[in-house]
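See structure below.
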Amino acid sequence: MATKAFVEGSRPGASFRRVYVWEFPVRLYHWVNALSVVVLCVTGYLIGKPLAITYSSEAYQQYWFGTVRFLHFVTAFVFFFNFLVRIYWGFVGNAYARWTNFIPTKPAQWREMVKVLKLDILQAHGQRLITIGHNALAGVIYFLSFLAFLFQSLTGFALYSSMSHSWLPRMFAWITPIMGGDFAVRQWHHVFMWFFILFVLVHVYLVFYHDYIEGRGTTSSMVGGWKFDSEKHDE
Ligand code: HEM
């Protein structure tokens with residue numbers, strides 16, 4: 001459906017087309033993942049560096065740390081299954097959701113990555129780049145973040161396997177000895193939390209930055225699914 005719109009830097013009166021980019025499962029995955037990562041970082045940080053709260057009551061009469069751990073574990077399951085759904089959707093979703101967007105196999109994707117670096121880091125003028133789905137660099141970064149999700153799930157469930165008799169965490173018990181024991185797994189699990197914190201900061205900044213320079217609804221696209229395009233692209 002064509003829509004009349006005007007954005008700074010474009011021809012006044014230019015005709016814009018709505019493109020349905022992010023399907024409902026992708027949007028749902030995105031927001032469930034965002035919320036889970038925030039909860040996991042906050043509760044994980046507290047588990048690694050517990051608050052020294054003094055109470056007048058006896059230790060056995062309070063359970064705040066238990067609640068923090070419980071929240072971490074429940075959210076971890078949500079995070080993990082949500083991630084599995086996204087992996088599946090990479091095979092059956094629309095052209096913008098598929099795995100081909102995440103792994104740069106064509107020379108054009110590498111050229112686009114250089115362009116995006118010039119635009120995002122050097123803020124080079126005249127590097128106007130319009131992509132409808134992810135740009136090639138964002139795709140690679142998301143692929144690396146999927147690897148980080150996998151690593152955090154593997155180390156998390158490996159740690160959990162020593163606290164649970166349930167079959168799912170027990171499936172990951174073999175990871176602890178090959179990574180050098182509980183202490184090492186916990187250290188790696190902690191270090192990766194900082195990757196997530198850094199990722200969220202840079203990701204949110206870039207979404208707003210691209211929204212500002214492109215004026216095509218980058219931010220709202222993850223709510224409604226639509227972006228705007230002044231050229232012909234296949235849907
Ligand atoms: C974004 C994802 C996640 C982040 C940022 C995160 C972060 C953390 C952090 C920082 C710690 C404390 C480590 C320390 O310093 O001692 C921790 C502990 C732990 N995490 Fe995660 N975590 C995530 C996902 C998961 C997943 C998927 C599981 C799977 C069950 C999990 C299970 C655990 C367990 C069992 C502990 C140890 C709890 C304890 O010993 O009391 N985490 N997490």
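Ligands are numbered from 1 in the order shown, chains are lettered A, B, ... in the order of the structure tokens, and residues start at 1 in each chain.
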Check your understanding: Any idea what's packed within 8 Å of segment 21-33 of chain A, counting only C-alpha atoms, ignoring anything in its chain fewer than 5 positions away? Could you give it as a list in words?
Key -> Phe79, Asn82, Phe83, Val85, Arg86, Trp89, Gly93, Asn94, Tyr96, Ala97, Ile132, Gly133, Ser221, Met222, Val223, Gly224, Gly225, Trp226, Lys227 and Glu235 of chain A
Check your understanding: Given a cut-off of 6 Å, what residues near ligand 1 show up using only C-alpha atoms and all ligand atoms, put as a list in words?
Key ->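 What falls inside 6 Å of ligand 1 is Val37, Leu40, Cys41, Gly44, Tyr45, Ile47, Gly48, Arg69, Phe73, Ala76, Phe80, Gln152, Ser153, Gly156, Phe157, Leu159, Tyr160, Arg186, His189, His190 and Met193 of chain A.
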Practice item. Determine which residues of segment 31-230 of chain A DSSP labels as alpha helix (DSSP H) from the backbone of this structure, then write them out as a PyMOL selection string. Key: chain A and resi 31-48+64-92+107-120+136-160+167-170+175-178+182-214+218-224
Review point. So how far away is atom CA of Ala158 of chain A from atom CA of Phe81 of chain A, in Å?
Key: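 Separation of atom CA of Phe81 of chain A and atom CA of Ala158 of chain A: 16.1 Å.
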**Study point:** Interatomic distance, atom CA of Met113 of chain A to atom CA of Asn135 of chain A (Å, one decimal)
**Key:** 7.6 Å
**Study point:** Between atom CA of Ile141 of chain A and atom CA of Trp99 of chain A, distance in Å (one decimal)
**Key:**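 Separation of atom CA of Ile141 of chain A and atom CA of Trp99 of chain A: 12.7 Å.
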Exercise for review: Skip Phe208 of chain A itself and residues of its chain fewer than 4 positions away, then list as a PyMOL selection string all residues within 12 Å of it, counting only C-alpha atoms.
Suggested key: chain A and resi 120+201-204+212-221
Check your understanding: Which residue, A:Ala138, A:Pro177, A:Thr75, A:Phe70, has the smallest gap to Met163 of chain A when you use only C-alpha atoms?
Key ->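 Among the listed residues, A:Phe70 lies closest to Met163 of chain A.
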Exercise for review: Quick one: pick out all strand (DSSP E or B) residues within segment 26-230 of chain A from a backbone DSSP run and write them as a list of chain:residue names.
Suggested key: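 Those residues are A:Trp226, A:Lys227, A:Phe228, A:Asp229.
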